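Text of the file my_file-v7.cif, holding mmCIF, C-alpha atoms:
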data_upload
#
loop_
_atom_site.group_PDB
_atom_site.id
_atom_site.type_symbol
_atom_site.label_atom_id
_atom_site.label_comp_id
_atom_site.auth_asym_id
_atom_site.auth_seq_id
_atom_site.Cartn_x
_atom_site.Cartn_y
_atom_site.Cartn_z
ATOM 1 C CA MET Q 1 0.000 0.000 0.000
ATOM 2 C CA LEU Q 2 1.175 3.500 -0.748
ATOM 3 C CA LYS Q 3 1.966 5.818 2.100
ATOM 4 C CA ARG Q 4 0.141 9.129 2.014
ATOM 5 C CA SER Q 5 2.055 12.313 1.610
ATOM 6 C CA GLY Q 6 1.639 15.067 4.164
ATOM 7 C CA PHE Q 7 -0.477 17.189 1.807
ATOM 8 C CA LYS Q 8 -4.144 17.652 2.552
ATOM 9 C CA LYS Q 9 -6.622 16.784 -0.115
ATOM 10 C CA GLY Q 10 -6.685 19.413 -2.806
ATOM 11 C CA GLY Q 11 -3.357 20.907 -1.717
ATOM 12 C CA THR Q 12 -1.071 21.119 -4.702
ATOM 13 C CA PHE Q 13 2.082 23.090 -5.334
ATOM 14 C CA ARG Q 14 0.115 25.687 -7.232
ATOM 15 C CA THR Q 15 -2.193 26.364 -4.330
ATOM 16 C CA LEU Q 16 0.750 26.800 -1.957
ATOM 17 C CA LYS Q 17 2.017 29.829 -3.887
ATOM 18 C CA SER Q 18 1.298 33.239 -2.502
ATOM 19 C CA THR Q 19 1.958 36.726 -3.737
ATOM 20 C CA THR Q 20 4.737 37.197 -1.202
ATOM 21 C CA GLY Q 21 6.624 33.930 -1.697
ATOM 22 C CA LEU Q 22 6.273 30.161 -1.376
ATOM 23 C CA LEU Q 23 4.780 28.420 1.633
ATOM 24 C CA GLY Q 24 6.275 25.245 3.018
ATOM 25 C CA ALA Q 25 4.399 22.260 4.448
ATOM 26 C CA SER Q 26 4.249 23.993 7.847
ATOM 27 C CA GLY Q 27 2.948 27.176 6.291
ATOM 28 C CA ALA Q 28 6.251 29.049 6.814
ATOM 29 C CA LYS Q 29 7.307 31.427 4.080
ATOM 30 C CA ILE Q 30 10.133 30.296 1.777
ATOM 31 C CA LYS Q 31 11.949 32.984 -0.174
ATOM 32 C CA ALA Q 32 11.720 32.641 -3.905
ATOM 33 C CA HIS Q 33 15.075 32.026 -5.562
ATOM 34 C CA SER Q 34 16.257 34.861 -7.695
ATOM 35 C CA PRO Q 35 18.996 34.286 -10.243
ATOM 36 C CA LYS Q 36 22.469 35.109 -8.914
ATOM 37 C CA PRO Q 37 24.018 38.170 -10.476
ATOM 38 C CA LYS Q 38 26.767 37.353 -12.932
ATOM 39 C CA ARG Q 39 30.221 37.926 -11.599
ATOM 40 C CA THR Q 40 32.097 40.547 -13.519
ATOM 41 C CA LYS Q 41 35.827 40.826 -13.248
ATOM 42 C CA ASN Q 42 37.159 44.270 -12.578
ATOM 43 C CA LYS Q 43 38.465 45.216 -15.969
ATOM 44 C CA LEU Q 44 41.717 47.076 -15.605
ATOM 45 C CA PRO Q 45 42.396 49.809 -18.147
ATOM 46 C CA HIS Q 46 45.705 48.165 -19.108
ATOM 47 C CA LYS Q 47 44.307 44.631 -19.566
ATOM 48 C CA GLY Q 48 45.160 43.620 -23.105
ATOM 49 C CA TYR Q 49 47.525 46.610 -23.427
ATOM 50 C CA LYS Q 50 49.409 46.654 -26.718
ATOM 51 C CA VAL Q 51 52.864 48.218 -26.715
ATOM 52 C CA PRO Q 52 52.876 51.065 -29.296
ATOM 53 C CA ASP Q 53 54.806 50.710 -32.544
ATOM 54 C CA TRP Q 54 57.192 53.601 -31.733
ATOM 55 C CA PHE Q 55 58.273 51.774 -28.561
ATOM 56 C CA ARG Q 56 58.631 48.434 -30.359
ATOM 57 C CA SER Q 57 60.968 50.111 -32.867
ATOM 58 C CA ILE Q 58 63.551 50.718 -30.090
ATOM 59 C CA PRO Q 59 66.391 48.161 -30.287
ATOM 60 C CA LEU Q 60 66.594 45.549 -27.541
ATOM 61 C CA GLY Q 61 68.953 46.199 -24.644
ATOM 62 C CA SER Q 62 70.956 43.738 -22.570
ATOM 63 C CA HIS Q 63 68.834 43.667 -19.392
ATOM 64 C CA GLY Q 64 65.300 42.398 -18.868
ATOM 65 C CA ASN Q 65 63.115 39.306 -19.172
ATOM 66 C CA SER Q 66 60.788 40.517 -21.921
ATOM 67 C CA PRO Q 67 61.168 42.595 -25.097
ATOM 68 C CA THR Q 68 59.503 45.575 -23.358
ATOM 69 C CA GLN Q 69 61.931 45.377 -20.415
ATOM 70 C CA LYS Q 70 64.918 45.078 -22.780
ATOM 71 C CA ARG Q 71 63.759 48.145 -24.721
ATOM 72 C CA TYR Q 72 63.107 49.997 -21.451
ATOM 73 C CA TRP Q 73 66.678 49.251 -20.360
ATOM 74 C CA LYS Q 74 68.003 50.476 -23.742
ATOM 75 C CA VAL Q 75 66.197 53.801 -23.186
ATOM 76 C CA ILE Q 76 67.305 54.207 -19.542
ATOM 77 C CA SER Q 77 70.908 53.348 -20.408
ATOM 78 C CA ALA Q 78 70.943 55.850 -23.292
ATOM 79 C CA PHE Q 79 69.288 58.505 -21.122
ATOM 80 C CA THR Q 80 71.770 58.189 -18.228
ATOM 81 C CA ARG Q 81 74.760 58.089 -20.568
ATOM 82 C CA GLN Q 82 73.616 61.225 -22.429
ATOM 83 C CA ARG Q 83 72.734 62.986 -19.156
ATOM 84 C CA ASP Q 84 76.078 62.190 -17.488
ATOM 85 C CA PHE Q 85 78.161 62.842 -20.601
ATOM 86 C CA ASN Q 86 76.764 66.375 -20.829
ATOM 87 C CA LYS Q 87 76.566 67.143 -17.124
ATOM 88 C CA TYR Q 88 79.832 65.548 -15.931
ATOM 89 C CA HIS Q 89 82.010 66.205 -18.998
ATOM 90 C CA GLY Q 90 82.011 62.616 -20.264
ATOM 91 C CA LYS Q 91 83.839 61.182 -17.239
ATOM 92 C CA CYS Q 92 83.462 57.587 -16.084
ATOM 93 C CA VAL Q 93 81.667 57.537 -12.732
ATOM 94 C CA SER Q 94 84.269 55.217 -11.191
ATOM 95 C CA CYS Q 95 87.715 55.999 -12.612
ATOM 96 C CA GLY Q 96 87.187 59.487 -14.066
ATOM 97 C CA LYS Q 97 88.433 58.495 -17.533
ATOM 98 C CA ARG Q 98 87.096 60.907 -20.171
ATOM 99 C CA LEU Q 99 85.090 59.233 -22.936
ATOM 100 C CA GLU Q 100 84.950 60.499 -26.529
ATOM 101 C CA SER Q 101 81.129 60.271 -26.767
ATOM 102 C CA TRP Q 102 78.231 58.975 -24.710
ATOM 103 C CA GLN Q 103 78.010 55.942 -27.050
ATOM 104 C CA ASP Q 104 81.519 54.886 -25.922
ATOM 105 C CA GLY Q 105 80.319 54.457 -22.346
ATOM 106 C CA GLN Q 106 77.968 52.024 -20.662
ATOM 107 C CA GLY Q 107 75.126 52.432 -18.200
ATOM 108 C CA ALA Q 108 76.492 51.038 -14.929
ATOM 109 C CA HIS Q 109 74.354 50.154 -11.916
ATOM 110 C CA TYR Q 110 75.585 51.130 -8.457
ATOM 111 C CA ARG Q 111 73.323 48.519 -6.865
ATOM 112 C CA ARG Q 112 73.675 45.586 -9.225
ATOM 113 C CA TYR Q 113 70.816 44.851 -11.625
ATOM 114 C CA ALA Q 114 70.415 41.313 -10.268
ATOM 115 C CA THR Q 115 69.844 42.594 -6.715
ATOM 116 C CA CYS Q 116 67.446 45.398 -7.625
ATOM 117 C CA ASN Q 117 63.687 45.038 -7.227
ATOM 118 C CA SER Q 118 61.158 45.615 -9.995
ATOM 119 C CA TYR Q 119 61.253 49.146 -11.482
ATOM 120 C CA PHE Q 120 64.342 50.059 -9.451
ATOM 121 C CA LYS Q 121 66.370 47.918 -11.886
ATOM 122 C CA PHE Q 122 65.837 50.808 -14.316
ATOM 123 C CA HIS Q 123 66.012 53.826 -11.998
ATOM 124 C CA PRO Q 124 68.236 56.555 -13.545
ATOM 125 C CA ASP Q 125 69.581 57.582 -10.116
ATOM 126 C CA ASN Q 126 71.069 54.103 -9.644
ATOM 127 C CA VAL Q 127 72.686 54.140 -13.106
ATOM 128 C CA ALA Q 128 75.592 56.256 -14.336
ATOM 129 C CA LEU Q 129 77.931 56.645 -17.308
ATOM 130 C CA SER Q 130 80.871 54.270 -16.968
ATOM 131 C CA CYS Q 131 83.753 53.047 -19.096
ATOM 132 C CA ALA Q 132 83.480 49.418 -20.193
ATOM 133 C CA TYR Q 133 86.358 48.331 -17.923
ATOM 134 C CA CYS Q 134 84.803 49.686 -14.720
ATOM 135 C CA ASN Q 135 81.338 48.415 -15.603
ATOM 136 C CA GLN Q 136 82.605 44.867 -16.158
ATOM 137 C CA ASN Q 137 84.856 44.634 -13.096
ATOM 138 C CA GLU Q 138 83.286 44.331 -9.683
ATOM 139 C CA ASP Q 139 86.198 44.943 -7.364
ATOM 140 C CA GLY Q 140 85.876 46.938 -4.158
ATOM 141 C CA VAL Q 141 87.926 49.910 -5.365
ATOM 142 C CA ILE Q 142 85.676 50.506 -8.387
ATOM 143 C CA GLY Q 143 82.510 50.080 -6.295
ATOM 144 C CA HIS Q 144 83.835 52.434 -3.597
ATOM 145 C CA SER Q 145 84.796 55.088 -6.168
ATOM 146 C CA PHE Q 146 81.377 54.746 -7.818
ATOM 147 C CA GLY Q 147 79.627 55.270 -4.468
ATOM 148 C CA GLU Q 148 81.784 58.264 -3.524
ATOM 149 C CA GLU Q 149 81.079 59.927 -6.867
ATOM 150 C CA LEU Q 150 77.323 59.385 -6.465
ATOM 151 C CA LYS Q 151 77.497 60.995 -3.000
ATOM 152 C CA ARG Q 152 79.399 63.932 -4.464
ATOM 153 C CA ARG Q 153 76.800 64.354 -7.218
ATOM 154 C CA TYR Q 154 73.587 63.775 -5.259
ATOM 155 C CA GLY Q 155 74.491 64.259 -1.595
ATOM 156 C CA GLU Q 156 75.775 62.201 1.343
ATOM 157 C CA LYS Q 157 72.504 60.342 1.869
ATOM 158 C CA HIS Q 158 72.144 59.102 -1.710
ATOM 159 C CA LEU Q 159 73.458 55.578 -1.071
ATOM 160 C CA ASP Q 160 71.028 55.144 1.837
ATOM 161 C CA TRP Q 161 68.268 56.407 -0.430
ATOM 162 C CA ILE Q 162 69.189 53.763 -3.032
ATOM 163 C CA GLU Q 163 68.741 50.991 -0.462
ATOM 164 C CA LYS Q 164 65.427 52.343 0.862
ATOM 165 C CA GLU Q 165 64.019 53.019 -2.590
ATOM 166 C CA ASN Q 166 65.010 49.555 -3.810
ATOM 167 C CA ASN Q 167 63.223 47.919 -0.860
ATOM 168 C CA LYS Q 168 60.003 49.802 -1.680
ATOM 169 C CA TRP Q 169 59.758 47.913 -4.971
ATOM 170 C CA ARG Q 170 60.062 44.396 -3.510
ATOM 171 C CA GLY Q 171 57.421 42.091 -5.027
ATOM 172 C CA VAL Q 172 56.019 44.643 -7.497
ATOM 173 C CA LYS Q 173 55.334 43.261 -10.966
ATOM 174 C CA LEU Q 174 56.766 45.096 -13.972
ATOM 175 C CA GLU Q 175 53.987 46.088 -16.374
ATOM 176 C CA ASP Q 176 54.338 47.151 -19.991
ATOM 177 C CA HIS Q 177 51.986 50.156 -19.850
ATOM 178 C CA ILE Q 178 53.914 51.630 -16.903
ATOM 179 C CA MET Q 179 57.321 51.227 -18.590
ATOM 180 C CA VAL Q 180 56.027 52.845 -21.796
ATOM 181 C CA GLY Q 181 54.510 55.653 -19.696
ATOM 182 C CA HIS Q 182 57.870 56.253 -17.970
ATOM 183 C CA VAL Q 183 59.583 56.595 -21.337
ATOM 184 C CA GLU Q 184 56.910 59.037 -22.579
ATOM 185 C CA LYS Q 185 57.415 61.149 -19.425
ATOM 186 C CA LEU Q 186 61.212 60.992 -19.821
ATOM 187 C CA LEU Q 187 60.933 62.295 -23.394
ATOM 188 C CA GLU Q 188 58.476 65.014 -22.362
ATOM 189 C CA ASP Q 189 60.639 66.255 -19.446
ATOM 190 C CA ASN Q 190 63.997 66.082 -21.273
ATOM 191 C CA PRO Q 191 63.761 67.563 -24.787
ATOM 192 C CA TRP Q 192 67.532 67.104 -25.293
ATOM 193 C CA PHE Q 193 67.243 63.321 -24.923
ATOM 194 C CA VAL Q 194 67.556 61.311 -28.153
ATOM 195 C CA LEU Q 195 66.092 57.794 -28.235
ATOM 196 C CA PRO Q 196 68.596 55.059 -29.157
#
Just give me the structure of the file as structure tokens.
Amino acid sequence: MLKRSGFKKGGTFRTLKSTTGLLGASGAKIKAHSPKPKRTKNKLPHKGYKVPDWFRSIPLGSHGNSPTQKRYWKVISAFTRQRDFNKYHGKCVSCGKRLESWQDGQGAHYRRYATCNSYFKFHPDNVALSCAYCNQNEDGVIGHSFGEELKRRYGEKHLDWIEKENNKWRGVKLEDHIMVGHVEKLLEDNPWFVLP
């Protein structure tokens, strides 16, 4: 024999509906299910950013993990070499040797590229015009001379600033639109600067 359900005679699902919601077997109101709103990802303005053609025409540099980073390094190196050649009479930051042109020098990092964080790898105040010999030799005398010259140029606290500024960038991801924006600002603020 079939067991009876708990519904009274004539009580169907349709009759249990009300204008304010559904009623359960006990007569308690059950909220009607409304469809969940679709989740929308926060679209960032740079999502799908395409590096402009003028930036992609810059030759690749020696530092960086992507073509944009390598081009960014090429620009920063050229900028610091041109800046220092004009401002400091073409002298190597470490040994003082006079270079014939800014193209003869290299962009040397005071705090090594490998130990810099994120955008600080490309910071112009950590990079200076250097002869090839000093840039490729990491002995204490060259490093000490480099540091002393930076202090002379920018003030006694500059080396401490380098350390603090580098630490600020720990864990920050390098993004193409920001690097391109930095180069645009560099060109806008320094009309004498010629892209490589």
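Take the PyMOL selection byres ((chain Q and resi 162) around 9) and apply it to this file: it picks Tyr110, Arg111, Phe120, Asp125, Asn126, Lys157, His158, Leu159, Asp160, Trp161, Glu163, Lys164, Glu165, Asn166 and Asn167 of chain Q.
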Just C-alpha atoms for this one: save the residues we selected as a compact mmCIF listing (two decimals), keeping the file's coordinate frame.
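What landed in selection_19.txt:
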# COMPACT_ATOMS: atom_id res chain seq x y z
CA TYR Q 110 75.58 51.13 -8.46
CA ARG Q 111 73.32 48.52 -6.86
CA PHE Q 120 64.34 50.06 -9.45
CA ASP Q 125 69.58 57.58 -10.12
CA ASN Q 126 71.07 54.10 -9.64
CA LYS Q 157 72.50 60.34 1.87
CA HIS Q 158 72.14 59.10 -1.71
CA LEU Q 159 73.46 55.58 -1.07
CA ASP Q 160 71.03 55.14 1.84
CA TRP Q 161 68.27 56.41 -0.43
CA GLU Q 163 68.74 50.99 -0.46
CA LYS Q 164 65.43 52.34 0.86
CA GLU Q 165 64.02 53.02 -2.59
CA ASN Q 166 65.01 49.56 -3.81
CA ASN Q 167 63.22 47.92 -0.86
Item to check | Picked residues, the PyMOL selection byres ((chain Q and resi 73) around 8), as a VMD selection string | outcome: chain Q and resid 61 to 64 69 to 72 74 to 77 122
For the residues selected in the previous step, produce a file with C-alpha atoms as a compact mmCIF listing (two decimals), in the frame of the given file.
# COMPACT_ATOMS: atom_id res chain seq x y z
CA GLY Q 61 68.95 46.20 -24.64
CA SER Q 62 70.96 43.74 -22.57
CA HIS Q 63 68.83 43.67 -19.39
CA GLY Q 64 65.30 42.40 -18.87
CA GLN Q 69 61.93 45.38 -20.42
CA LYS Q 70 64.92 45.08 -22.78
CA ARG Q 71 63.76 48.14 -24.72
CA TYR Q 72 63.11 50.00 -21.45
CA LYS Q 74 68.00 50.48 -23.74
CA VAL Q 75 66.20 53.80 -23.19
CA ILE Q 76 67.31 54.21 -19.54
CA SER Q 77 70.91 53.35 -20.41
CA PHE Q 122 65.84 50.81 -14.32
Checklist outcome for this item: Min atom-atom distance to His123 in chain Q from the set Q:Phe146, Q:Val183, Q:Arg56, Q:Gln136, counting only C-alpha atoms, belongs to Q:Val183
Checklist entry - So, counting all atoms listed in the file, which residue among Q:Gly107, Q:Thr80, Q:Leu99, Q:Cys116 is closest to Val172 in chain Q? => result Q:Cys116
Checklist entry - Which polymer residues have any atom within 8 Å of an atom of Ala108 in chain Q, counting all atoms listed in the file, with same-chain residues fewer than 4 positions away left out, as a ChimeraX atom specification? => result /Q:127-130,135
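Using all atoms listed in the file, the nearest neighbour of Lys168 in chain Q within the list Q:Gly147, Q:Glu100, Q:Tyr119, Q:Tyr88 is Q:Tyr119.
Reported to one decimal place, the separation of CA of Gln106 in chain Q from CA of Glu175 in chain Q is 25.1 Å.
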Checklist entry - Rounded to one decimal in Å, what is the spacing between CA of His182 in chain Q and CA of Tyr113 in chain Q? => result 18.4 Å
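When the distance limit is 9 Å and all atoms listed in the file are what count, the residues near Phe85 in chain Q, minus those fewer than 2 positions from it on the same chain, are Thr80, Arg81, Gln82, Arg83, Lys87, Tyr88, His89, Gly90, Lys91, Cys92, Leu99, Ser101, Trp102, Gly105 and Leu129 of chain Q.
With CA of Cys131 in chain Q on one side and CA of Arg98 in chain Q on the other, the separation reads 8.6 Å.
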Checklist entry - Could you pull the residues within 12 Å of Pro52 in chain Q, counting only C-alpha atoms, minus those fewer than 2 positions along the same chain, as an NGL selection string? => result :Q and (49-50 or 54-58 or 68 or 176-177 or 179-181 or 183-184)
Could you write out as AutoDock Vina command-line options the box around range 47-66 of chain Q (axis-aligned, all atoms listed in the file, 6 Å on each side), with centre and edge lengths in Å to one decimal?
--center_x 57.6 --center_y 46.5 --center_z -25.9 --size_x 38.6 --size_y 26.3 --size_z 26.0
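Of the residues listed (Q:Ile178, Q:Asn190, Q:Arg170, Q:Asn137), Q:Arg170 shows the shortest atom-to-atom separation from Ser118 in chain Q; distances use all atoms listed in the file.
Minimum atom-to-atom distances from Q:Asn86, Q:Leu186, Q:Cys95, Q:Glu156 to Val141 in chain Q were compared using only C-alpha atoms, and the lowest value belongs to Q:Cys95.
Remark: for Cys134 in chain Q, the closest of the candidate residues Q:Gly48, Q:Gly171, Q:Gly155, Q:Gly96 is Q:Gly96 (distances computed over only C-alpha atoms).
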